[in-house]
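Enquirer: Here you go, one structure.
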Amino acid sequence: MTATNRSRYTDYFILAFVTLVWGLSWPVTVVGLKYCDPLLLASLRCLLGGVALALWRARSTKKESFDRKAVAVSAVVGIFWVGVPTALCVWALQYISGGLGAILQSTVPFFVAIVSHFYLKENQLDAAKISGLLIGFLGIIILFSDDQLNAKGLLAIFGGTAVVISSVSNGFAQGISRKHFKGSDQVGFNMYMQLFGGAVILPFAFLRGAPKFVFSTELTLVLLFLSIFATAIPFTLYFELFRRVDIVVLSMLAYVIPVVAVAVGIVWLDERLTPTDIAGATLVLLGVLLATQYSYIRAKFLNSTASPADKEIA
């Protein structure tokens, strides 16, 4: 196996792991909400994840010193990638359905593509990626079409708008991170990002008084999973890919995560598998494959059909 193929398979493994744990975080969060206020749970997830990263980083010999600019970048990214989107989405889900929220939140790759093209000046958009984005988004719509998507009233409009704003915030933060963080200490950057993000969310949990928090063994296990396995570890691995992988392609994890969440719900929570679920998941995976693998497959095909003389020239 060549070094290139080994690196490629490593990237696939990281993507699979990140997708799995972020997909699992949805049903695990549902369990945690029995004992804890949503915003407090989200804040604790980030803060505890940041603390875990700080403890890990303290033992590392490869940590870098962060100057004011690096800390400022991590603060902006943490606030707009973690803090603002989480607070807005949790607030919005009081007034709109989960299905509508999932569809609106899946607009993240579109805003990442816009930021990548106009702000980063990276030539990321081609026919395959645009087609993959659209097919994947169509799959998300179909996947959640069985849910009650109707939302009525002014607060529902505000709720839907809040989710879209969270997607814009997410895309903006990814662009800021891509352009301004040039270091190699992903653990340190992720640590600051989670701590700033969690700190921004925390005050909102107390807007209506003391938030619900019922200590239990189950809640402890939920917090351990969410903070370490669904935050500290996957975000650090994600940033390892983020430095060198197509940012638009990477953002399409937002399409696959709901598919994993639905699959986990079927296996773990005994939810029903419907033809709509199958059709939506198939379109999501087709869109992701088109956007991520078209160039690779095309290059392989052209190489296999080229004549020996052409290969010698190449």
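Residues are referred to by chain and number: the chain letter is A, B, ... according to the order shown in the structure tokens, the number counts from 1 in that chain, and ligands are numbered separately from 1 in the order shown.
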Counting only C-alpha atoms, which residues of range 40-125 of chain A sit at most 8 Å from some atom of range 181-199 of chain A, and what is each one's closest atom pair with its distance in Å to one decimal, listed by chain and rising residue number, as CSV?
Expert:
```
residue,atom,partner,partner_atom,distance
A:Ala42,CA,A:Gly198,CA,7.3
A:Ser43,CA,A:Gly198,CA,4.3
A:Leu44,CA,A:Gly198,CA,6.7
A:Arg45,CA,A:Gly198,CA,7.5
A:Cys46,CA,A:Gly198,CA,4.8
A:Leu47,CA,A:Leu195,CA,5.1
A:Gly49,CA,A:Gln194,CA,6.7
A:Gly50,CA,A:Met191,CA,4.6
A:Val51,CA,A:Met191,CA,7.3
A:Leu53,CA,A:Met191,CA,5.5
A:Ala54,CA,A:Met191,CA,6.2
A:Arg57,CA,A:Val187,CA,6.7
A:Lys62,CA,A:Asp185,CA,7.5
A:Lys63,CA,A:Asp185,CA,5.9
A:Glu64,CA,A:Asp185,CA,6.0
A:Ala70,CA,A:Phe181,CA,6.7
A:Val71,CA,A:Tyr192,CA,7.1
A:Val73,CA,A:Phe181,CA,7.0
A:Ser74,CA,A:Met193,CA,5.1
A:Ala75,CA,A:Phe196,CA,5.6
A:Val77,CA,A:Met193,CA,6.3
A:Gly78,CA,A:Met193,CA,4.0
A:Ile79,CA,A:Gly197,CA,4.7
A:Phe80,CA,A:Gly197,CA,7.8
A:Trp81,CA,A:Gly197,CA,7.7
A:Val82,CA,A:Gly197,CA,5.1
A:Gly83,CA,A:Gly197,CA,4.1
A:Val84,CA,A:Gly197,CA,7.7
```
Enquirer: Output C-alpha atoms for every residue in the selection just made, as a PDB file, in the first residue's frame.
Expert:
```pdb
ATOM      1  CA  ALA A  42     -24.690  22.213  25.518  1.00  0.00           C
ATOM      2  CA  SER A  43     -22.503  24.554  27.577  1.00  0.00           C
ATOM      3  CA  LEU A  44     -21.240  21.760  29.836  1.00  0.00           C
ATOM      4  CA  ARG A  45     -20.461  19.630  26.785  1.00  0.00           C
ATOM      5  CA  CYS A  46     -18.191  22.366  25.400  1.00  0.00           C
ATOM      6  CA  LEU A  47     -16.637  23.435  28.718  1.00  0.00           C
ATOM      7  CA  GLY A  49     -14.527  19.092  26.393  1.00  0.00           C
ATOM      8  CA  GLY A  50     -12.259  22.137  26.637  1.00  0.00           C
ATOM      9  CA  VAL A  51     -11.051  21.066  30.089  1.00  0.00           C
ATOM     10  CA  LEU A  53      -8.286  19.008  25.968  1.00  0.00           C
ATOM     11  CA  ALA A  54      -6.417  21.292  28.388  1.00  0.00           C
ATOM     12  CA  ARG A  57      -2.408  19.304  26.108  1.00  0.00           C
ATOM     13  CA  LYS A  62       4.306  19.531  20.947  1.00  0.00           C
ATOM     14  CA  LYS A  63       2.056  22.326  22.188  1.00  0.00           C
ATOM     15  CA  GLU A  64       2.567  25.795  20.763  1.00  0.00           C
ATOM     16  CA  ALA A  70      -4.273  33.148  17.709  1.00  0.00           C
ATOM     17  CA  VAL A  71      -6.386  33.332  20.870  1.00  0.00           C
ATOM     18  CA  VAL A  73      -9.106  33.787  16.171  1.00  0.00           C
ATOM     19  CA  SER A  74     -10.002  30.797  18.352  1.00  0.00           C
ATOM     20  CA  ALA A  75     -12.414  32.989  20.330  1.00  0.00           C
ATOM     21  CA  VAL A  77     -14.356  30.669  15.778  1.00  0.00           C
ATOM     22  CA  GLY A  78     -15.565  29.238  19.103  1.00  0.00           C
ATOM     23  CA  ILE A  79     -18.279  31.856  19.474  1.00  0.00           C
ATOM     24  CA  PHE A  80     -19.568  31.668  15.896  1.00  0.00           C
ATOM     25  CA  TRP A  81     -18.986  27.935  15.218  1.00  0.00           C
ATOM     26  CA  VAL A  82     -20.008  26.551  18.609  1.00  0.00           C
ATOM     27  CA  GLY A  83     -21.634  29.164  20.843  1.00  0.00           C
ATOM     28  CA  VAL A  84     -23.997  31.149  18.617  1.00  0.00           C
TER      29      VAL A  84
END
```
Enquirer: Skipping near chain neighbours, those fewer than 5 positions away, what residues fall within 8 Å of Ile247 in chain A using only C-alpha atoms, listed as a compact mmCIF listing (two decimals) with C-alpha atoms, in the first residue's frame?
Expert:
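Once written, part.txt looks like this:
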```txt
# COMPACT_ATOMS: atom_id res chain seq x y z
CA VAL A 112 -19.38 27.12 3.54
CA ALA A 113 -19.23 26.94 -0.27
CA SER A 116 -14.89 29.37 0.39
CA PHE A 242 -9.61 20.80 7.93
```
Enquirer: Tell me, in Å to one decimal, how far CA of Asp246 in chain A is from CA of Ala261 in chain A.
Expert: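 If I compute the distance from CA of Asp246 in chain A to CA of Ala261 in chain A, I get 24.3 Å.
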Enquirer: Mind the document's chain letters and residue numbers, and return as an NGL selection string the residues of range 52-100 of chain A that DSSP labels helix (DSSP H, G or I).
Expert: :A and (52-58 or 68-92 or 98-100)
Enquirer: So that I can check the surroundings of range 154-169 of chain A, please list as an MDAnalysis selection string every protein, DNA and RNA residue that reaches within 12 Å of it, counting only C-alpha atoms and ignoring chain neighbours fewer than 3 positions away.
Expert: chainID A and resid 76:115 149:151 172:176 251 254
